[in-house]
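Next comes coords_24.txt, with compact mmCIF, C-alpha atoms.
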# COMPACT_ATOMS: atom_id res chain seq x y z
CA MET A 1 -31.01 2.61 82.05
CA LYS A 2 -29.97 1.68 78.53
CA GLY A 3 -30.31 -1.84 77.26
CA LYS A 4 -27.65 -3.55 75.22
CA VAL A 5 -27.97 -5.84 72.19
CA LEU A 6 -25.36 -8.16 70.68
CA TYR A 7 -25.74 -9.26 67.04
CA ILE A 8 -23.40 -12.04 65.93
CA LYS A 9 -22.80 -12.86 62.28
CA ASN A 10 -21.67 -16.46 62.53
CA SER A 11 -20.92 -17.47 58.95
CA SER A 12 -17.45 -17.47 57.45
CA SER A 13 -18.45 -15.20 54.54
CA LYS A 14 -16.64 -11.87 54.53
CA VAL A 15 -18.30 -8.64 55.61
CA ASN A 16 -17.77 -5.66 53.31
CA LEU A 17 -18.72 -2.58 55.30
CA ASN A 18 -18.33 -0.42 52.20
CA THR A 19 -21.54 -1.83 50.76
CA TYR A 20 -24.91 -0.38 51.74
CA ASN A 21 -26.48 -3.77 52.38
CA VAL A 22 -25.13 -4.79 55.79
CA GLN A 23 -28.37 -5.86 57.42
CA ALA A 24 -26.87 -6.00 60.90
CA VAL A 25 -26.00 -2.30 60.70
CA GLY A 26 -29.49 -1.32 59.58
CA LEU A 27 -31.00 -3.22 62.48
CA GLY A 28 -28.42 -1.73 64.83
CA ARG A 29 -29.34 1.82 63.91
CA ALA A 30 -32.96 0.99 64.68
CA PHE A 31 -32.10 -0.45 68.11
CA CYS A 32 -30.02 2.63 68.93
CA GLU A 33 -32.93 4.90 68.03
CA LEU A 34 -35.02 2.86 70.47
CA GLY A 35 -32.54 3.43 73.31
CA TYR A 36 -30.24 0.39 73.06
CA ASP A 37 -26.48 0.21 72.68
CA TYR A 38 -25.70 -2.30 69.95
CA ASP A 39 -22.62 -4.36 69.13
CA PHE A 40 -22.31 -6.05 65.75
CA VAL A 41 -19.70 -8.82 65.92
CA PHE A 42 -18.23 -10.81 63.08
CA PHE A 43 -15.17 -13.02 62.96
CA SER A 44 -11.76 -12.18 61.56
CA ASN A 45 -8.07 -12.72 62.29
CA GLU A 46 -7.91 -9.87 64.82
CA GLU A 47 -9.89 -8.40 67.69
CA LYS A 48 -10.75 -4.72 67.53
CA VAL A 49 -13.52 -2.16 67.40
CA ILE A 50 -13.40 -1.06 63.78
CA GLN A 51 -16.23 1.46 63.92
CA GLU A 52 -18.15 3.29 66.64
CA THR A 53 -21.07 5.62 65.96
CA ASP A 54 -23.27 7.64 68.29
CA ILE A 55 -26.94 7.40 67.34
CA ALA A 56 -29.66 9.04 69.42
CA GLY A 57 -27.46 8.94 72.51
CA CYS A 58 -26.58 5.26 72.07
CA LYS A 59 -23.51 3.56 70.65
CA LEU A 60 -23.41 1.33 67.60
CA ARG A 61 -20.13 -0.56 67.52
CA ILE A 62 -18.82 -2.86 64.80
CA ILE A 63 -16.35 -5.35 66.27
CA THR A 64 -14.17 -8.10 64.85
CA LYS A 65 -13.32 -11.10 67.01
CA LYS A 66 -10.80 -13.84 66.46
CA GLY A 67 -12.46 -17.10 65.57
CA ILE A 68 -11.41 -20.66 64.92
CA ARG A 69 -12.64 -21.67 61.48
CA LEU A 70 -14.33 -25.05 61.28
CA LEU A 71 -15.29 -25.87 57.69
CA ARG A 72 -17.80 -23.11 56.83
CA SER A 73 -18.35 -22.04 60.43
CA TYR A 74 -16.47 -20.23 63.18
CA ILE A 75 -16.08 -20.88 66.89
CA CYS A 76 -15.17 -17.84 68.96
CA PRO A 77 -14.14 -18.59 72.56
CA SER A 78 -14.07 -14.92 73.64
CA VAL A 79 -17.72 -14.41 72.62
CA LEU A 80 -18.72 -17.60 74.42
CA ASP A 81 -17.34 -16.29 77.72
CA LYS A 82 -20.21 -16.19 80.21
CA ASP A 83 -19.18 -12.85 81.74
CA TYR A 84 -19.04 -11.32 78.24
CA LEU A 85 -22.52 -12.53 77.33
CA GLU A 86 -24.00 -11.35 80.63
CA GLY A 87 -23.28 -7.79 79.53
CA TYR A 88 -26.12 -7.97 77.00
CA ASP A 89 -29.88 -7.94 77.42
CA LEU A 90 -30.40 -9.68 74.09
CA VAL A 91 -28.15 -11.84 71.89
CA ILE A 92 -29.10 -12.27 68.23
CA SER A 93 -27.40 -15.25 66.60
CA THR A 94 -27.58 -15.66 62.84
CA GLU A 95 -28.41 -18.89 61.05
CA TYR A 96 -29.60 -22.20 62.43
CA GLY A 97 -26.78 -24.07 60.70
CA GLN A 98 -23.88 -22.34 62.44
CA ILE A 99 -22.33 -24.14 65.39
CA MET A 100 -22.06 -20.83 67.29
CA THR A 101 -25.86 -20.66 67.49
CA TYR A 102 -25.87 -23.97 69.35
CA LEU A 103 -22.97 -22.96 71.62
CA LEU A 104 -24.44 -19.54 72.40
CA SER A 105 -27.81 -21.05 73.27
CA LYS A 106 -26.02 -23.34 75.75
CA LYS A 107 -24.15 -20.42 77.35
CA ALA A 108 -26.84 -17.74 77.59
CA SER A 109 -30.56 -17.67 78.32
CA ASN A 110 -31.38 -14.65 76.13
CA VAL A 111 -30.42 -15.91 72.67
CA VAL A 112 -32.61 -15.23 69.65
CA LEU A 113 -32.16 -17.11 66.38
CA TYR A 114 -32.41 -15.10 63.14
CA SER A 115 -32.16 -17.35 60.09
CA GLY A 116 -32.57 -16.78 56.37
CA PRO A 117 -31.59 -19.73 54.13
CA TYR A 118 -34.21 -22.15 52.85
CA TYR A 119 -31.62 -24.46 51.35
CA ASN A 120 -28.30 -25.90 52.51
CA LEU A 121 -26.13 -22.81 52.24
CA PHE A 122 -23.35 -23.57 54.72
CA LYS A 123 -22.99 -27.31 55.19
CA ILE A 124 -21.17 -29.89 53.12
CA PRO A 125 -24.18 -31.97 51.98
CA PHE A 126 -23.42 -35.15 53.91
CA VAL A 127 -22.72 -33.15 57.11
CA SER A 128 -26.12 -31.43 57.23
CA PRO A 129 -28.27 -34.37 58.48
CA PHE A 130 -25.75 -35.17 61.22
CA TYR A 131 -25.73 -31.52 62.36
CA ASP A 132 -29.53 -31.50 62.44
CA LEU A 133 -29.63 -34.74 64.41
CA LEU A 134 -27.14 -33.49 67.00
CA PHE A 135 -28.19 -29.88 67.50
CA THR A 136 -31.72 -29.10 66.26
CA LYS A 137 -33.56 -30.18 69.40
CA SER A 138 -31.27 -28.18 71.67
CA ILE A 139 -31.30 -25.00 69.56
CA ASN A 140 -35.07 -25.22 69.21
CA SER A 141 -35.66 -25.51 72.95
CA ARG A 142 -33.01 -23.10 74.21
CA CYS A 143 -33.48 -20.06 71.91
CA ILE A 144 -36.11 -17.79 73.43
CA ARG A 145 -37.32 -16.69 69.99
CA LYS A 146 -36.72 -18.12 66.53
CA TYR A 147 -37.11 -15.68 63.66
CA VAL A 148 -36.89 -16.45 59.97
CA LYS A 149 -36.68 -14.11 57.01
CA SER A 150 -39.30 -15.75 54.83
CA GLU A 151 -42.08 -18.27 54.45
CA LEU A 152 -39.67 -20.57 52.62
CA ALA A 153 -37.18 -20.42 55.50
CA LYS A 154 -40.01 -21.21 57.92
CA GLU A 155 -41.08 -24.28 55.95
CA TYR A 156 -37.46 -25.40 55.61
CA LEU A 157 -36.77 -25.27 59.35
CA GLU A 158 -40.12 -26.80 60.27
CA LYS A 159 -39.16 -29.86 58.23
CA LYS A 160 -36.02 -30.11 60.36
CA GLY A 161 -38.07 -30.07 63.56
CA TYR A 162 -38.06 -26.40 64.58
CA THR A 163 -41.24 -25.09 66.19
CA GLU A 164 -42.78 -21.73 67.06
CA LEU A 165 -40.96 -19.99 64.21
CA LYS A 166 -41.92 -16.38 63.51
CA LYS A 167 -41.58 -14.66 60.14
CA LEU A 168 -39.70 -11.42 60.69
CA GLY A 169 -38.47 -10.63 57.20
CA VAL A 170 -35.74 -8.09 56.45
CA GLY A 171 -35.84 -4.33 56.87
CA LEU A 172 -35.04 -1.42 54.59
CA ASP A 173 -33.10 1.66 55.64
CA ILE A 174 -35.01 4.44 53.85
CA THR A 175 -32.96 7.34 55.21
CA ARG A 176 -30.57 7.10 52.27
CA PHE A 177 -33.47 7.41 49.83
CA ASP A 178 -35.42 10.10 51.66
CA THR A 179 -32.47 12.45 52.12
CA PRO A 180 -32.11 14.95 49.24
CA ILE A 181 -29.00 14.29 47.16
CA GLU A 182 -27.53 15.53 43.89
CA MET A 183 -27.99 13.41 40.80
CA GLN A 184 -24.66 12.20 39.43
CA PRO A 185 -23.87 12.83 35.72
CA SER A 186 -23.96 9.11 34.84
CA THR A 187 -27.31 8.78 36.61
CA LYS A 188 -28.67 11.78 34.71
CA GLU A 189 -27.72 10.19 31.40
CA LEU A 190 -29.66 7.08 32.33
CA VAL A 191 -32.60 9.07 33.67
CA ASP A 192 -32.80 10.99 30.41
CA VAL A 193 -33.05 7.74 28.45
CA MET A 194 -35.61 6.19 30.82
CA SER A 195 -37.72 9.36 30.80
CA LYS A 196 -38.05 9.21 27.02
CA SER A 197 -38.46 5.42 26.59
CA ARG A 198 -40.36 2.57 28.18
CA CYS A 199 -37.73 0.62 30.10
CA LEU A 200 -37.55 -2.66 31.98
CA LEU A 201 -35.05 -2.80 34.83
CA TYR A 202 -32.80 -5.33 36.53
CA VAL A 203 -30.40 -4.56 39.39
CA GLY A 204 -28.02 -7.25 40.66
CA SER A 205 -25.23 -9.60 39.71
CA LEU A 206 -25.22 -11.12 36.24
CA SER A 207 -24.96 -14.77 37.18
CA LYS A 208 -26.49 -18.20 36.81
CA ARG A 209 -28.15 -18.04 40.24
CA LYS A 210 -29.79 -14.76 39.27
CA ASN A 211 -30.97 -16.39 36.03
CA PHE A 212 -29.30 -13.86 33.74
CA PRO A 213 -29.84 -15.86 30.51
CA PHE A 214 -33.56 -16.11 31.28
CA LEU A 215 -33.75 -12.34 31.82
CA LEU A 216 -32.42 -11.81 28.31
CA GLN A 217 -34.88 -14.30 26.84
CA VAL A 218 -37.81 -12.54 28.50
CA TYR A 219 -36.71 -9.18 27.13
CA GLU A 220 -36.20 -10.69 23.69
CA ARG A 221 -39.81 -11.90 23.73
CA VAL A 222 -41.16 -8.58 25.02
CA VAL A 223 -39.34 -6.51 22.41
CA GLU A 224 -40.79 -8.65 19.60
CA LYS A 225 -44.15 -7.04 20.34
CA ASN A 226 -42.89 -3.73 21.78
CA SER A 227 -40.01 -2.53 19.63
CA ASP A 228 -39.65 0.71 21.62
CA VAL A 229 -39.03 -0.99 24.98
CA LYS A 230 -35.47 -0.93 26.32
CA PHE A 231 -33.86 -3.00 29.05
CA VAL A 232 -31.67 -1.31 31.66
CA ILE A 233 -29.30 -3.79 33.34
CA ILE A 234 -27.31 -2.53 36.35
CA GLY A 235 -24.77 -5.01 37.69
CA LYS A 236 -21.58 -6.94 37.09
CA GLY A 237 -20.75 -10.48 36.11
CA ASP A 238 -18.03 -12.50 34.49
CA GLU A 239 -17.72 -10.66 31.18
CA LYS A 240 -17.14 -13.78 29.11
CA TYR A 241 -20.28 -15.31 30.60
CA VAL A 242 -22.27 -12.12 30.03
CA GLN A 243 -21.15 -11.69 26.43
CA ARG A 244 -21.79 -15.34 25.62
CA HIS A 245 -25.43 -15.00 26.60
CA LEU A 246 -25.90 -11.55 25.09
CA LYS A 247 -24.89 -13.00 21.72
CA LYS A 248 -27.62 -15.63 21.97
CA VAL A 249 -30.49 -13.11 21.76
CA SER A 250 -31.65 -11.30 18.65
CA LYS A 251 -29.93 -8.22 17.25
CA GLN A 252 -33.10 -6.27 18.04
CA ALA A 253 -32.86 -7.28 21.71
CA GLN A 254 -29.13 -6.61 21.87
CA SER A 255 -29.60 -3.07 20.53
CA GLY A 256 -32.20 -2.26 23.20
CA ILE A 257 -30.05 -3.26 26.19
CA ILE A 258 -28.48 -0.48 28.25
CA ARG A 259 -25.80 -1.71 30.65
CA MET A 260 -24.33 0.03 33.68
CA GLU A 261 -21.90 -2.00 35.78
CA SER A 262 -22.42 -0.07 38.98
CA ILE A 263 -24.23 2.87 40.53
CA ASP A 264 -24.16 4.38 44.00
CA ASN A 265 -27.07 2.82 45.84
CA VAL A 266 -28.57 6.18 46.82
CA GLN A 267 -28.78 7.08 43.12
CA LEU A 268 -31.29 4.30 42.57
CA GLN A 269 -33.98 6.57 43.98
CA PHE A 270 -33.92 8.29 40.57
CA ILE A 271 -33.96 5.03 38.59
CA TYR A 272 -36.54 2.69 40.11
CA PRO A 273 -39.53 5.06 39.69
CA LEU A 274 -38.92 5.25 35.93
CA ALA A 275 -39.01 1.48 35.36
CA LYS A 276 -42.10 0.04 33.67
CA ALA A 277 -41.25 -3.29 35.30
CA PHE A 278 -38.51 -4.53 37.62
CA LEU A 279 -37.55 -8.15 36.89
CA LEU A 280 -36.01 -10.56 39.42
CA PRO A 281 -36.17 -14.19 38.20
CA SER A 282 -33.64 -15.56 40.72
CA LYS A 283 -33.37 -19.32 41.07
CA LEU A 284 -32.48 -18.88 44.76
CA GLU A 285 -32.89 -15.67 46.78
CA ILE A 286 -32.77 -15.70 50.58
CA PHE A 287 -34.65 -12.42 50.60
CA GLY A 288 -33.58 -9.88 47.98
CA MET A 289 -32.92 -6.34 49.17
CA VAL A 290 -33.60 -5.11 45.64
CA LEU A 291 -37.21 -6.26 46.06
CA LEU A 292 -37.57 -3.98 49.09
CA GLU A 293 -35.96 -1.09 47.22
CA ALA A 294 -38.01 -1.51 44.07
CA MET A 295 -41.27 -1.80 45.98
CA TYR A 296 -40.52 1.22 48.18
CA LEU A 297 -39.39 3.38 45.27
CA GLY A 298 -42.29 2.64 42.95
CA ALA A 299 -41.13 0.05 40.41
CA PRO A 300 -43.74 -2.63 39.62
CA VAL A 301 -42.12 -5.98 40.42
CA ILE A 302 -42.19 -9.31 38.60
CA THR A 303 -40.25 -12.02 40.39
CA SER A 304 -39.83 -15.73 40.91
CA TRP A 305 -40.97 -17.66 43.96
CA ASN A 306 -38.19 -16.92 46.46
CA GLY A 307 -37.58 -15.88 50.04
CA GLY A 308 -38.52 -12.23 49.65
CA SER A 309 -41.49 -12.72 47.35
CA SER A 310 -42.97 -15.33 49.69
CA VAL A 311 -43.61 -12.62 52.30
CA LEU A 312 -43.66 -9.35 50.32
CA ILE A 313 -45.87 -10.33 47.38
CA ASN A 314 -47.54 -13.72 47.93
CA GLU A 315 -51.33 -13.28 48.33
CA LYS A 316 -50.89 -9.49 48.29
CA ASN A 317 -51.53 -7.11 45.41
CA THR A 318 -48.01 -5.70 45.66
CA GLY A 319 -46.36 -7.25 42.59
CA LYS A 320 -46.44 -10.39 40.52
CA ILE A 321 -44.90 -13.80 41.20
CA VAL A 322 -44.43 -16.06 38.19
CA ASN A 323 -43.71 -19.52 39.56
CA LYS A 324 -42.35 -21.07 36.41
CA PHE A 325 -39.38 -19.95 34.37
CA ASP A 326 -41.55 -19.78 31.30
CA VAL A 327 -40.59 -17.00 28.88
CA ASP A 328 -44.13 -16.58 27.56
CA GLN A 329 -45.67 -16.28 31.04
CA TRP A 330 -43.12 -13.67 32.06
CA ALA A 331 -43.59 -11.71 28.83
CA ILE A 332 -47.38 -11.71 29.31
CA THR A 333 -46.94 -10.39 32.85
CA VAL A 334 -44.62 -7.63 31.63
CA GLN A 335 -47.21 -6.75 28.98
CA LYS A 336 -49.88 -6.31 31.66
CA TYR A 337 -47.73 -3.63 33.30
CA LEU A 338 -46.97 -1.97 29.96
CA ASP A 339 -50.65 -1.80 28.99
CA ASP A 340 -52.41 -0.89 32.23
CA GLU A 341 -51.18 2.22 34.04
CA GLY A 342 -54.06 2.09 36.50
CA TYR A 343 -53.12 -1.42 37.56
CA VAL A 344 -49.48 -0.38 37.92
CA LYS A 345 -50.42 2.51 40.20
CA GLU A 346 -52.54 0.22 42.37
CA VAL A 347 -49.75 -2.34 42.69
CA THR A 348 -46.97 0.17 43.39
CA ASP A 349 -49.06 2.11 45.91
CA ASN A 350 -49.82 -1.12 47.77
CA ALA A 351 -46.16 -2.15 47.67
CA ARG A 352 -44.85 1.12 49.09
CA THR A 353 -47.46 1.09 51.84
CA LEU A 354 -46.50 -2.47 52.81
CA ILE A 355 -42.79 -1.66 53.04
CA LYS A 356 -43.37 1.47 55.12
CA LYS A 357 -45.77 -0.32 57.45
CA GLU A 358 -44.04 -3.66 57.97
CA TYR A 359 -40.50 -3.81 56.53
CA LEU A 360 -38.46 -0.92 57.85
CA TRP A 361 -35.72 -1.77 60.34
CA ASN A 362 -37.31 0.28 63.13
CA VAL A 363 -40.56 -1.66 62.68
CA LEU A 364 -38.72 -4.99 62.98
CA ALA A 365 -36.68 -3.85 66.00
CA LYS A 366 -39.87 -2.76 67.77
CA LYS A 367 -41.45 -6.12 67.00
CA ILE A 368 -38.48 -7.98 68.52
CA LEU A 369 -38.51 -5.84 71.66
CA ALA A 370 -42.27 -6.15 72.10
CA GLU A 371 -42.03 -9.93 72.03
CA MET A 372 -39.08 -9.89 74.42
CA ASN A 373 -41.17 -7.95 76.90
CA ASP A 374 -44.26 -10.21 76.65

Could you express the structure from this file as structure tokens?
Amino acid sequence: MKGKVLYIKNSSSKVNLNTYNVQAVGLGRAFCELGYDYDFVFFSNEEKVIQETDIAGCKLRIITKKGIRLLRSYICPSVLDKDYLEGYDLVISTEYGQIMTYLLSKKASNVVLYSGPYYNLFKIPFVSPFYDLLFTKSINSRCIRKYVKSELAKEYLEKKGYTELKKLGVGLDITRFDTPIEMQPSTKELVDVMSKSRCLLYVGSLSKRKNFPFLLQVYERVVEKNSDVKFVIIGKGDEKYVQRHLKKVSKQAQSGIIRMESIDNVQLQFIYPLAKAFLLPSKLEIFGMVLLEAMYLGAPVITSWNGGSSVLINEKNTGKIVNKFDVDQWAITVQKYLDDEGYVKEVTDNARTLIKKEYLWNVLAKKILAEMND
């Protein structure tokens, strides 16, 4: 007899199913491959099944449900129906700070919490302590398992009073990278440049939270000593903001920057392996799917202390964490990668092994099921 899993995205942020990085779908595919039907529910202004896929004899459905918006949260009466919830063997509720997690844990005895933020992402600041006072004890006692995405998330929730938290992390769907595909013309142009030059790489939005100005400053310092090194930047941002900060670095640095606003995610399998260093100096990063991608595809990583690095790199020889946003420290770390190919191979081999062993979605789904059956 098949089991059935319900995954509920509780936040009010929109879901764009056209992007590759819908974590609930990656986890759902893994559950289906393990013999479980899987429903991914998020809230909208209508109720319908918007996608249904057969995977290994099981169904993965993506469903929208009508919800009542309450500040930055939703309440969905139809999901809270007891008969509805009894149709599932396991209910995964996202984020400690969403009122639906509390309500679901009151309605069903098989609710698992899966939380990522290590800062106040959803609550109006003055509301957060009242929410914690009213609901933390109940959520903590009623959820049968409490998973977090990172060490930082674990520490954050422990300070609020949560106990028996388990670090689960986030998974990577490697099927899109391991399936042979044709290289697009724009990708080939970039590959040709990266094959002939030493290149640093950044993939992501060009924003303050991602520390875009600091990225440029690090490259400016690196290129002072290594005039041949180029910097490939893949991502979008407010163009006025981007141009303002580009103009602040030297002409030498400006001339070495290669920008590409977007690229199909599957095409990154040709790009990451050519990078001499992948830089991610985010000020805040709940996890960072690009860390998983870079580490799996062979780019040596330098990153800040954030959600993803706290579990993927900390106390492991899988990349480098530079705690301070100090240009000189970052430039020195880049230089280590540029100068020592043997060290780079050791780091990237370790990183790929870690991702394959511990951070694929099927690995995480198996871990959840094993603990459910204990």

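CA of Leu338 (chain A) lies 21.4 Å from CA of Leu292 (chain A).
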
(Q) Can you measure CA of Thr175 (chain A) to CA of Leu34 (chain A) for me? One decimal in Å is fine. (A) 16.0 Å

Long-range neighbours of Thr333 (chain A) as a short mmCIF file (atom, residue, chain, number, x, y, z; two decimals) with C-alpha atoms, keeping the file's coordinate frame, 9 Å cut-off, all atoms listed in the file, 6 positions minimum in chain:
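selection_11.cif, written as the output of this step:
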data_model
loop_
_atom_site.label_atom_id
_atom_site.label_comp_id
_atom_site.auth_asym_id
_atom_site.auth_seq_id
_atom_site.Cartn_x
_atom_site.Cartn_y
_atom_site.Cartn_z
CA ILE A 302 -42.19 -9.31 38.60
CA LYS A 320 -46.44 -10.39 40.52
CA VAL A 322 -44.43 -16.06 38.19
#

Q. Could you pull the residues within 9 Å of Val334 (chain A), counting all atoms listed in the file, minus those fewer than 4 positions along the same chain, as a VMD selection string?
A. chain A and resid 200 218 222 276 to 277 279 302 329 to 330 338 to 339

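Residue nearest Ala365 (chain A) within the list A:Gly116, A:Pro125, A:Gly97, A:Gly171: A:Gly171 [criterion: smallest interatomic distance, all atoms listed in the file].
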
Q) Could you pull the residues within 12 Å of Gln184 (chain A), counting all atoms listed in the file, minus those fewer than 2 positions along the same chain, as a PyMOL selection string? A) chain A and resi 181-182+186-191+263-271

Q: Quick one: everything within 12 Å of Arg29 (chain A), counting all atoms listed in the file, minus sequence neighbours fewer than 5 positions away in the same chain. Send it as number ranges by chain.
A: A: 5, 22-24, 34-40, 52-62, 171-175, 360-365

Kindly reconstruct region 210-237 of chain A with N, CA and C atoms and present the result as a tab-separated table (two decimals), in the frame of the given file.
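Listed below is the output, selection-v7.tsv:
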chain	number	residue	atom	x	y	z
A	210	LYS	N	-28.83	-15.84	39.51
A	210	LYS	CA	-29.79	-14.76	39.27
A	210	LYS	C	-30.57	-14.96	37.96
A	211	ASN	N	-30.23	-16.03	37.24
A	211	ASN	CA	-30.97	-16.39	36.03
A	211	ASN	C	-30.81	-15.36	34.92
A	212	PHE	N	-29.58	-14.90	34.74
A	212	PHE	CA	-29.30	-13.86	33.74
A	212	PHE	C	-29.71	-14.27	32.32
A	213	PRO	N	-29.41	-15.49	31.87
A	213	PRO	CA	-29.84	-15.86	30.51
A	213	PRO	C	-31.35	-15.77	30.34
A	214	PHE	N	-32.10	-16.17	31.36
A	214	PHE	CA	-33.56	-16.11	31.28
A	214	PHE	C	-34.05	-14.66	31.18
A	215	LEU	N	-33.42	-13.76	31.91
A	215	LEU	CA	-33.75	-12.34	31.82
A	215	LEU	C	-33.69	-11.86	30.37
A	216	LEU	N	-32.61	-12.23	29.70
A	216	LEU	CA	-32.42	-11.81	28.31
A	216	LEU	C	-33.49	-12.41	27.41
A	217	GLN	N	-33.85	-13.64	27.66
A	217	GLN	CA	-34.88	-14.30	26.84
A	217	GLN	C	-36.24	-13.63	27.02
A	218	VAL	N	-36.54	-13.23	28.25
A	218	VAL	CA	-37.81	-12.54	28.50
A	218	VAL	C	-37.84	-11.21	27.75
A	219	TYR	N	-36.76	-10.46	27.85
A	219	TYR	CA	-36.71	-9.18	27.13
A	219	TYR	C	-36.81	-9.39	25.62
A	220	GLU	N	-36.14	-10.39	25.13
A	220	GLU	CA	-36.20	-10.69	23.69
A	220	GLU	C	-37.65	-10.92	23.25
A	221	ARG	N	-38.42	-11.63	24.08
A	221	ARG	CA	-39.81	-11.90	23.73
A	221	ARG	C	-40.65	-10.62	23.83
A	222	VAL	N	-40.40	-9.82	24.85
A	222	VAL	CA	-41.16	-8.58	25.02
A	222	VAL	C	-40.93	-7.62	23.86
A	223	VAL	N	-39.67	-7.49	23.44
A	223	VAL	CA	-39.34	-6.51	22.41
A	223	VAL	C	-39.85	-6.94	21.03
A	224	GLU	N	-40.18	-8.21	20.85
A	224	GLU	CA	-40.79	-8.65	19.60
A	224	GLU	C	-42.11	-7.94	19.35
A	225	LYS	N	-42.84	-7.69	20.43
A	225	LYS	CA	-44.15	-7.04	20.34
A	225	LYS	C	-44.07	-5.54	20.62
A	226	ASN	N	-43.03	-5.13	21.35
A	226	ASN	CA	-42.89	-3.73	21.78
A	226	ASN	C	-41.49	-3.25	21.40
A	227	SER	N	-41.34	-2.84	20.15
A	227	SER	CA	-40.01	-2.53	19.63
A	227	SER	C	-39.37	-1.31	20.31
A	228	ASP	N	-40.18	-0.49	20.97
A	228	ASP	CA	-39.65	0.71	21.62
A	228	ASP	C	-39.10	0.44	23.02
A	229	VAL	N	-39.41	-0.71	23.59
A	229	VAL	CA	-39.03	-0.99	24.98
A	229	VAL	C	-37.54	-1.30	25.08
A	230	LYS	N	-36.89	-0.68	26.06
A	230	LYS	CA	-35.47	-0.93	26.32
A	230	LYS	C	-35.32	-1.67	27.64
A	231	PHE	N	-34.13	-2.22	27.84
A	231	PHE	CA	-33.86	-3.00	29.05
A	231	PHE	C	-32.61	-2.46	29.72
A	232	VAL	N	-32.78	-1.85	30.89
A	232	VAL	CA	-31.67	-1.31	31.66
A	232	VAL	C	-31.18	-2.39	32.63
A	233	ILE	N	-29.91	-2.75	32.50
A	233	ILE	CA	-29.30	-3.79	33.34
A	233	ILE	C	-28.17	-3.14	34.14
A	234	ILE	N	-28.32	-3.12	35.47
A	234	ILE	CA	-27.31	-2.53	36.35
A	234	ILE	C	-26.69	-3.66	37.17
A	235	GLY	N	-25.43	-3.95	36.94
A	235	GLY	CA	-24.77	-5.01	37.69
A	235	GLY	C	-23.58	-5.58	36.93
A	236	LYS	N	-22.79	-6.35	37.65
A	236	LYS	CA	-21.58	-6.94	37.09
A	236	LYS	C	-21.69	-8.45	37.03
A	237	GLY	N	-20.88	-9.04	36.18
A	237	GLY	CA	-20.75	-10.48	36.11
A	237	GLY	C	-19.49	-10.82	35.34
